[in-house]
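Shown next: final.txt, given as compact mmCIF, C-alpha atoms (C1' of nucleotides).
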```
# COMPACT_ATOMS: atom_id res chain seq x y z
CA MET A 1 114.71 79.32 65.89
CA SER A 2 117.39 80.46 63.52
CA SER A 3 120.18 82.97 63.94
CA GLU A 4 122.42 84.92 61.67
CA PRO A 5 124.30 82.44 59.51
CA GLY A 6 128.05 82.11 59.58
CA THR A 7 128.46 83.03 63.21
CA GLY A 8 127.98 79.61 64.71
CA PHE A 9 131.65 79.00 65.27
CA GLU A 10 132.12 81.88 67.69
CA LEU A 11 130.48 80.31 70.69
CA PRO A 12 132.36 77.00 70.59
CA LEU A 13 135.59 78.85 69.96
CA ARG A 14 134.95 81.16 72.90
CA MET A 15 134.40 78.09 75.03
CA LEU A 16 137.70 76.66 73.96
CA MET A 17 139.42 79.96 74.60
CA ALA A 18 137.86 80.23 78.06
CA PHE A 19 139.04 76.73 78.84
CA ARG A 20 142.45 77.47 77.46
CA THR A 21 142.98 80.70 79.35
CA ALA A 22 141.82 79.04 82.57
CA ILE A 23 144.19 76.13 82.09
CA ASP A 24 147.04 78.44 81.18
CA GLU A 25 146.45 80.49 84.30
CA VAL A 26 146.29 77.41 86.50
CA HIS A 27 149.57 76.15 85.13
CA ALA A 28 151.23 79.52 85.42
CA ASP A 29 150.25 79.47 89.10
CA LEU A 30 151.47 75.90 89.48
CA ALA A 31 154.79 76.78 87.88
CA ARG A 32 155.15 79.64 90.33
CA GLU A 33 154.33 77.35 93.23
CA GLY A 34 156.96 74.73 92.61
CA HIS A 35 155.46 72.65 89.82
CA PRO A 36 156.99 74.05 86.65
CA ASP A 37 157.06 70.71 84.86
CA LEU A 38 153.35 70.02 84.91
CA ARG A 39 151.61 70.23 81.55
CA PRO A 40 147.92 70.78 80.90
CA MET A 41 147.18 67.15 80.32
CA HIS A 42 148.80 66.08 83.58
CA GLY A 43 145.82 67.44 85.45
CA PHE A 44 143.64 65.04 83.51
CA VAL A 45 146.00 62.21 84.23
CA PHE A 46 145.98 62.97 87.96
CA GLN A 47 142.23 63.12 87.98
CA ALA A 48 142.14 59.81 86.14
CA ILE A 49 144.47 58.26 88.68
CA GLY A 50 142.28 59.50 91.48
CA PRO A 51 142.88 59.38 95.21
CA GLN A 52 142.61 55.60 95.28
CA GLY A 53 145.25 55.01 92.67
CA THR A 54 144.79 52.83 89.63
CA THR A 55 146.74 50.74 87.15
CA ALA A 56 148.29 51.62 83.82
CA VAL A 57 145.69 49.67 81.88
CA GLU A 58 142.78 51.28 83.67
CA LEU A 59 144.41 54.67 83.28
CA GLY A 60 144.67 54.10 79.55
CA ARG A 61 140.99 53.22 79.40
CA ARG A 62 140.00 56.35 81.29
CA LEU A 63 142.17 58.58 79.16
CA GLY A 64 141.21 56.93 75.91
CA ILE A 65 144.76 55.94 75.05
CA SER A 66 146.49 52.60 74.71
CA LYS A 67 147.82 50.86 77.78
CA GLN A 68 151.33 51.25 76.38
CA ALA A 69 150.96 55.00 76.08
CA ALA A 70 149.51 55.13 79.58
CA GLY A 71 152.48 53.15 80.84
CA LYS A 72 154.90 55.60 79.29
CA THR A 73 153.02 58.53 80.79
CA VAL A 74 153.19 56.90 84.21
CA GLU A 75 156.90 56.32 83.76
CA ALA A 76 157.44 59.98 82.92
CA LEU A 77 155.38 61.15 85.89
CA GLU A 78 157.28 58.75 88.11
CA ARG A 79 160.54 60.32 86.98
CA LEU A 80 159.12 63.72 87.87
CA GLY A 81 158.15 62.47 91.30
CA TYR A 82 154.40 62.85 90.93
CA VAL A 83 153.37 59.21 91.05
CA GLU A 84 154.80 56.04 92.51
CA ARG A 85 154.30 52.47 91.47
CA GLY A 86 153.69 49.58 93.79
CA THR A 87 152.37 46.07 93.69
CA ASP A 88 148.91 44.77 94.40
CA PRO A 89 149.09 42.14 97.16
CA TRP A 90 145.91 40.53 95.89
CA ASP A 91 146.80 40.30 92.23
CA ALA A 92 150.41 39.81 91.23
CA ARG A 93 149.71 41.04 87.72
CA ARG A 94 148.58 44.48 88.74
CA LYS A 95 151.01 47.28 89.47
CA THR A 96 149.37 50.11 91.27
CA VAL A 97 149.92 53.74 90.39
CA ARG A 98 149.37 56.30 93.13
CA LEU A 99 149.96 59.98 93.52
CA THR A 100 152.90 60.86 95.71
CA SER A 101 152.56 63.63 98.28
CA ARG A 102 154.05 65.89 95.64
CA GLY A 103 151.37 64.78 93.24
CA ALA A 104 148.67 65.40 95.83
CA ASP A 105 150.16 68.82 96.53
CA SER A 106 149.99 69.76 92.89
CA LEU A 107 146.41 68.57 92.72
CA ALA A 108 145.43 70.67 95.74
CA ARG A 109 147.15 73.74 94.31
CA SER A 110 145.51 73.17 90.95
CA SER A 111 142.14 72.90 92.62
CA ALA A 112 142.75 76.15 94.51
CA ALA A 113 143.77 77.89 91.31
CA PHE A 114 140.58 76.76 89.59
CA ASP A 115 138.56 78.04 92.54
CA ARG A 116 140.27 81.43 92.28
CA ILE A 117 139.33 81.61 88.62
CA ARG A 118 135.77 80.71 89.41
CA ASP A 119 135.64 83.42 92.04
CA ARG A 120 136.97 85.96 89.60
CA TRP A 121 134.38 84.95 87.05
CA THR A 122 131.74 85.36 89.71
CA ASP A 123 132.99 88.87 90.34
CA GLU A 124 132.98 89.70 86.66
CA LEU A 125 129.61 88.25 85.78
CA GLY A 126 127.69 88.26 89.02
CA ALA A 127 126.63 85.20 90.94
CA ASP A 128 123.33 84.85 89.12
CA ARG A 129 124.85 84.93 85.71
CA LEU A 130 127.54 82.48 86.69
CA ARG A 131 124.92 80.10 88.00
CA ALA A 132 123.04 80.47 84.73
CA LEU A 133 126.23 79.86 82.80
CA GLU A 134 126.86 76.64 84.67
CA GLU A 135 123.29 75.53 84.31
CA ASP A 136 123.26 76.17 80.58
CA LEU A 137 126.56 74.44 80.02
CA ARG A 138 125.27 71.41 81.87
CA LYS A 139 122.34 71.33 79.49
CA ILE A 140 124.46 71.28 76.38
CA THR A 141 127.20 68.93 77.54
CA PRO A 142 126.96 65.19 78.04
CA GLU A 143 125.99 63.77 81.41
CA ASP A 144 129.36 62.16 82.01
CA PHE A 145 131.25 65.36 81.41
CA PHE A 146 134.24 63.89 83.11
CA ARG A 147 135.19 61.70 80.18
CA LEU A 148 138.89 62.09 79.89
CA ASP A 149 139.56 60.80 76.44
CA ILE A 150 141.04 64.10 75.49
CA PRO A 151 144.72 63.53 74.66
CA GLY A 152 145.32 63.21 70.99
CA TRP A 153 141.72 63.91 70.23
CA PHE A 154 142.50 67.06 68.33
CA GLY A 155 144.07 64.93 65.71
CA SER A 156 146.43 65.23 62.89
CA ALA A 157 147.02 67.28 59.82
CA MET B 1 132.63 86.41 96.39
CA SER B 2 133.64 82.87 97.11
CA SER B 3 132.08 79.57 96.16
CA GLU B 4 132.28 76.05 97.37
CA PRO B 5 135.91 74.97 97.12
CA GLY B 6 137.02 72.15 94.92
CA THR B 7 134.41 72.67 92.25
CA GLY B 8 136.26 75.23 90.16
CA PHE B 9 137.32 72.75 87.54
CA GLU B 10 133.79 71.85 86.47
CA LEU B 11 133.04 74.98 84.51
CA PRO B 12 136.21 75.00 82.39
CA LEU B 13 135.83 71.30 81.78
CA ARG B 14 132.23 71.76 80.70
CA MET B 15 133.41 74.41 78.29
CA LEU B 16 135.93 72.03 76.83
CA MET B 17 133.31 69.31 76.55
CA ALA B 18 130.88 71.68 74.86
CA PHE B 19 133.56 72.65 72.39
CA ARG B 20 134.52 69.05 71.86
CA THR B 21 131.01 67.78 71.27
CA ALA B 22 130.33 70.63 68.86
CA ILE B 23 133.49 69.92 66.91
CA ASP B 24 132.79 66.21 66.88
CA GLU B 25 129.32 66.82 65.55
CA VAL B 26 130.57 69.17 62.85
CA HIS B 27 133.11 66.63 61.70
CA ALA B 28 130.62 63.80 61.77
CA ASP B 29 128.45 65.92 59.47
CA LEU B 30 131.42 66.74 57.26
CA ALA B 31 132.36 63.08 57.01
CA ARG B 32 128.81 62.28 55.95
CA GLU B 33 128.89 65.06 53.37
CA GLY B 34 131.98 63.94 51.50
CA HIS B 35 134.80 65.17 53.70
CA PRO B 36 135.76 62.16 55.78
CA ASP B 37 139.44 63.07 55.92
CA LEU B 38 139.08 66.40 57.64
CA ARG B 39 140.33 66.55 61.20
CA PRO B 40 139.34 69.05 63.88
CA MET B 41 142.41 71.15 63.44
CA HIS B 42 141.90 71.49 59.70
CA GLY B 43 139.08 73.90 60.37
CA PHE B 44 141.52 76.12 62.17
CA VAL B 45 143.98 75.82 59.33
CA PHE B 46 141.33 76.77 56.78
CA GLN B 47 140.27 79.75 58.84
CA ALA B 48 143.91 80.75 59.11
CA ILE B 49 144.34 80.50 55.37
CA GLY B 50 141.31 82.65 54.84
CA PRO B 51 139.50 83.51 51.61
CA GLN B 52 142.43 85.57 50.36
CA GLY B 53 144.97 82.81 50.74
CA THR B 54 148.26 83.17 52.52
CA THR B 55 151.76 81.74 52.63
CA ALA B 56 153.23 78.92 54.63
CA VAL B 57 155.23 81.28 56.82
CA GLU B 58 152.25 83.47 57.61
CA LEU B 59 150.16 80.39 58.23
CA GLY B 60 152.71 79.19 60.72
CA ARG B 61 152.59 82.51 62.51
CA ARG B 62 148.81 82.45 62.74
CA LEU B 63 148.72 78.89 63.97
CA GLY B 64 151.57 79.34 66.38
CA ILE B 65 153.70 76.65 64.78
CA SER B 66 156.98 76.76 62.90
CA LYS B 67 157.03 77.57 59.23
CA GLN B 68 158.34 74.07 58.54
CA ALA B 69 155.41 72.47 60.32
CA ALA B 70 153.04 74.77 58.48
CA GLY B 71 154.68 73.75 55.22
CA LYS B 72 154.13 70.10 56.00
CA THR B 73 150.50 70.74 56.88
CA VAL B 74 149.99 72.56 53.60
CA GLU B 75 151.60 69.70 51.74
CA ALA B 76 149.25 67.22 53.40
CA LEU B 77 146.19 69.35 52.65
CA GLU B 78 147.38 69.74 49.08
CA ARG B 79 147.53 65.96 48.74
CA LEU B 80 143.97 65.79 50.05
CA GLY B 81 142.87 68.36 47.49
CA TYR B 82 141.85 71.08 49.92
CA VAL B 83 144.47 73.69 49.10
CA GLU B 84 146.57 74.57 46.10
CA ARG B 85 149.88 76.35 45.88
CA GLY B 86 150.79 79.03 43.43
CA THR B 87 153.33 81.75 42.97
CA ASP B 88 153.16 85.40 43.84
CA PRO B 89 153.81 87.52 40.73
CA TRP B 90 154.98 90.43 42.89
CA ASP B 91 157.40 88.52 45.08
CA ALA B 92 159.19 85.50 43.70
CA ARG B 93 159.98 84.25 47.19
CA ARG B 94 156.38 83.85 48.22
CA LYS B 95 154.32 80.80 47.35
CA THR B 96 150.67 81.38 47.87
CA VAL B 97 148.37 78.87 49.52
CA ARG B 98 144.71 79.05 48.60
CA LEU B 99 141.68 76.94 49.30
CA THR B 100 140.49 74.90 46.36
CA SER B 101 136.80 74.77 45.58
CA ARG B 102 136.75 71.55 47.57
CA GLY B 103 138.30 73.42 50.47
CA ALA B 104 135.77 76.21 50.18
CA ASP B 105 132.98 73.64 50.05
CA SER B 106 134.14 72.05 53.26
CA LEU B 107 134.36 75.45 54.90
CA ALA B 108 130.80 76.30 53.89
CA ARG B 109 129.51 72.96 55.13
CA SER B 110 131.38 73.38 58.36
CA SER B 111 129.90 76.81 58.82
CA ALA B 112 126.41 75.46 58.21
CA ALA B 113 126.99 72.67 60.72
CA PHE B 114 128.06 75.19 63.35
CA ASP B 115 124.97 77.24 62.66
CA ARG B 116 122.78 74.18 63.12
CA ILE B 117 124.38 73.55 66.48
CA ARG B 118 123.86 77.14 67.50
CA ASP B 119 120.21 76.90 66.52
CA ARG B 120 119.80 73.76 68.54
CA TRP B 121 121.37 75.41 71.55
CA THR B 122 118.97 78.31 71.08
CA ASP B 123 116.11 75.85 71.18
CA GLU B 124 117.42 74.17 74.28
CA LEU B 125 118.28 77.27 76.26
CA GLY B 126 116.06 79.95 74.83
CA ALA B 127 117.23 82.93 72.84
CA ASP B 128 117.73 85.13 75.89
CA ARG B 129 119.88 82.66 77.71
CA LEU B 130 121.96 81.98 74.64
CA ARG B 131 122.55 85.69 74.23
CA ALA B 132 123.57 85.88 77.87
CA LEU B 133 125.86 82.91 77.41
CA GLU B 134 127.58 84.58 74.50
CA GLU B 135 127.84 87.87 76.31
CA ASP B 136 129.35 86.27 79.40
CA LEU B 137 131.82 84.21 77.43
CA ARG B 138 132.96 87.35 75.65
CA LYS B 139 133.62 88.92 79.02
CA ILE B 140 135.85 86.12 80.24
CA THR B 141 137.74 85.44 77.03
CA PRO B 142 140.43 87.58 75.47
CA GLU B 143 139.54 90.22 72.94
CA ASP B 144 141.34 88.48 70.08
CA PHE B 145 139.52 85.24 70.62
CA PHE B 146 140.46 84.12 67.19
CA ARG B 147 144.01 83.28 68.11
CA LEU B 148 144.71 80.02 66.43
CA ASP B 149 147.79 78.90 68.26
CA ILE B 150 146.01 75.79 69.39
CA PRO B 151 147.84 72.83 67.84
CA GLY B 152 150.26 71.24 70.21
CA TRP B 153 149.23 73.56 73.00
CA PHE B 154 147.89 70.77 75.12
CA GLY B 155 151.39 69.55 75.55
CA SER B 156 153.24 66.53 76.60
CA ALA B 157 153.24 63.92 79.27
C1' DT C 1 142.96 21.79 84.96
C1' DA C 2 143.03 23.66 80.30
C1' DG C 3 141.92 27.69 77.94
C1' DA C 4 140.54 32.42 77.92
C1' DA C 5 141.07 36.90 79.79
C1' DT C 6 143.82 40.36 82.05
C1' DG C 7 147.98 43.35 83.29
C1' DG C 8 152.38 44.64 81.92
C1' DT C 9 156.47 45.25 78.96
C1' DC C 10 159.32 45.46 74.76
C1' DA C 11 159.93 46.58 69.93
C1' DA C 12 158.94 48.76 65.67
C1' DT C 13 156.51 52.31 63.48
C1' DG C 14 154.03 56.74 62.20
C1' DT C 15 152.82 61.42 62.70
C1' DG C 16 153.55 65.96 63.58
C1' DG C 17 156.08 68.87 65.81
C1' DT C 18 160.92 70.96 66.71
C1' DT C 19 165.71 73.20 65.61
C1' DG C 20 169.50 74.01 62.45
C1' DT C 21 171.08 74.98 57.98
C1' DC C 22 171.03 76.63 53.51
C1' DC C 23 169.57 79.17 49.37
C1' DA C 24 166.97 82.58 46.61
C1' DT C 25 164.82 86.81 46.64
C1' DG C 26 163.67 91.36 48.30
C1' DT C 27 164.60 95.69 51.07
C1' DC C 28 167.09 99.43 52.73
C1' DG C 29 170.67 102.54 54.03
C1' DA C 30 175.71 104.13 53.97
C1' DT D 1 174.44 101.20 43.85
C1' DC D 2 175.94 97.76 46.32
C1' DG D 3 176.54 95.35 50.54
C1' DA D 4 174.16 93.94 54.76
C1' DC D 5 170.24 92.29 56.49
C1' DA D 6 165.52 90.39 56.38
C1' DT D 7 162.28 87.29 54.52
C1' DG D 8 160.13 82.97 52.31
C1' DG D 9 160.92 78.43 51.48
C1' DA D 10 163.01 73.75 51.52
C1' DC D 11 165.87 69.86 53.39
C1' DA D 12 167.70 67.14 57.17
C1' DA D 13 168.05 65.36 61.68
C1' DC D 14 165.79 64.82 65.76
C1' DC D 15 162.19 64.35 69.41
C1' DA D 16 157.74 63.56 71.84
C1' DC D 17 153.95 60.84 71.96
C1' DA D 18 150.97 58.10 70.20
C1' DT D 19 150.05 53.61 67.64
C1' DT D 20 149.97 48.22 66.68
C1' DG D 21 151.84 43.68 67.37
C1' DA D 22 153.94 40.28 70.02
C1' DC D 23 155.00 38.10 74.16
C1' DC D 24 155.03 36.64 79.12
C1' DA D 25 153.08 36.06 83.80
C1' DT D 26 149.11 35.69 86.41
C1' DT D 27 144.25 35.03 87.35
C1' DC D 28 139.67 33.58 86.32
C1' DT D 29 136.41 30.24 84.72
C1' DA D 30 133.92 26.60 82.15
```

Could you take the file, read its structure, and then write that structure out as structure tokens?
Amino acid sequence: MSSEPGTGFELPLRMLMAFRTAIDEVHADLAREGHPDLRPMHGFVFQAIGPQGTTAVELGRRLGISKQAAGKTVEALERLGYVERGTDPWDARRKTVRLTSRGADSLARSSAAFDRIRDRWTDELGADRLRALEEDLRKITPEDFFRLDIPGWFGSA
Amino acid sequence: MSSEPGTGFELPLRMLMAFRTAIDEVHADLAREGHPDLRPMHGFVFQAIGPQGTTAVELGRRLGISKQAAGKTVEALERLGYVERGTDPWDARRKTVRLTSRGADSLARSSAAFDRIRDRWTDELGADRLRALEEDLRKITPEDFFRLDIPGWFGSA
DNA sequence: TAGAATGGTCAATGTGGTTGTCCATGTCGA
DNA sequence: TCGACATGGACAACCACATTGACCATTCTA
């Protein structure tokens, strides 16, 4: 089944724009709620750290960046008070990285902001259409949609 | 209308992943077809240059970057043979930037690759659902979806 | 227990963005 | 018409964030 040629870029671009406007709105809310320093990619970092915490090396793997870059990111987030580093009593090599309560707070607020956006989309499109939208997007995206190797992906000029 | 809390991030993330996989596929095709040096953002740059050509300053405005950064990008693309610079006979200040035939070729191939993806999505979802998907995405994205101020937007850690 | 693998850090580097400055050219109004 | 301002472009210094390479401490394993 073929469609009018030359229009294929609109749909992907709309998807990017939808993502972008959602992220921008979330971070505008976060800034208003006491987290003005958070940047779009920090949400990915927090998700990659997870509730259990992790290490810099593992974080780098999840984010698709080098362990050195992950270490620097952790250092920056530590300065901002969003994560704290500790030691692993079972393995003296590992240094754990965990969200602080401030980090957890930002994650909860971010989650709430995303839910508000989803609710608004439901209002605008109707529940059926939103369900269809989700279903269709699941079909055309990879199974492990939570791959976080995003930073730097967009690449260089 | 409210939905299950804590799931709001899935839809935007799926949109990003759909965009990402589409872009990756386009650039894999381009690499196979003689354009291995093109990066995702180059497509945006080419679109911003347009068939008429433009100037570095205007390019910077369209891409949401400084004129200096735009100038450097143009210089890099010139080295790669995708754009050429000329002078404007009506305004000695302006230096025009135009796509070379190689640049136009890459744009055409990129467009064809996007169309192939759209056709595949039509196969996977059905024509009706794809139309609905487009319609719904138009509703939740800004009117001027072609804003190209993407580079660097994702921000810092 | 020696050697390989793992986690972390430091250093040097590269890229692509920024601001600041300057100059040439064009535009417009007193 | 000419002086003030605006615009397009280039150069320099700087910065953020990634990279690779090297190195050390610790743990695992053959």

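Straight-line separation from atom CA of Asp24 of chain A to atom CA of Pro12 of chain A: 18.2 Å.
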
At most 10 Å is the cut-off: for each residue in chain D with any atom that close to an atom of chain B, write down the nearest atom pair and the distance in Å rounded to one decimal, counting only C-alpha atoms (C1' of nucleotides), chain first then increasing number, as CSV.
```
residue,atom,partner,partner_atom,distance
D:DT7,C1',B:Arg93,CA,8.3
D:DG8,C1',B:Arg93,CA,5.3
D:DG9,C1',B:Arg93,CA,7.3
D:DA10,C1',B:Gln68,CA,8.4
D:DA16,C1',B:Ser156,CA,7.2
D:DC17,C1',B:Ser156,CA,7.4
```

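Between DC24 of chain D and the residues C:DG20, C:DG14, C:DG7, C:DG26, the shortest atom-to-atom distance, using only C-alpha atoms (C1' of nucleotides), involves C:DG7.
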
At most 9 Å to chain A: residues in chain C, only C-alpha atoms (C1' of nucleotides), as a list of chain:residue names: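 Those within range of chain A come out as C:DT6, C:DG7, C:DG8, C:DT9, C:DT15, C:DG16.
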
Export, as a short mmCIF file (atom, residue, chain, number, x, y, z; two decimals), in the frame of the given file, the selected residues with C-alpha atoms (C1' of nucleotides).
```
data_model
loop_
_atom_site.label_atom_id
_atom_site.label_comp_id
_atom_site.auth_asym_id
_atom_site.auth_seq_id
_atom_site.Cartn_x
_atom_site.Cartn_y
_atom_site.Cartn_z
"C1'" DT C 6 143.82 40.36 82.05
"C1'" DG C 7 147.98 43.35 83.29
"C1'" DG C 8 152.38 44.64 81.92
"C1'" DT C 9 156.47 45.25 78.96
"C1'" DT C 15 152.82 61.42 62.70
"C1'" DG C 16 153.55 65.96 63.58
#
```

Straight-line distance linking atom CA of Ile140 of chain B with atom CA of Ala127 of chain B, stated in Å to one decimal: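 Separating atom CA of Ile140 of chain B from atom CA of Ala127 of chain B is a distance of 20.3 Å.
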
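Note that atom CA of Leu137 of chain B and atom CA of Arg14 of chain A are 6.3 Å apart.
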
Using all atoms listed in the file: which of B:Asp144, B:Asp115, B:Asp128, B:Glu135 has the shortest distance to chain A: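 The shortest atom-to-atom distance to chain A comes from B:Asp115.
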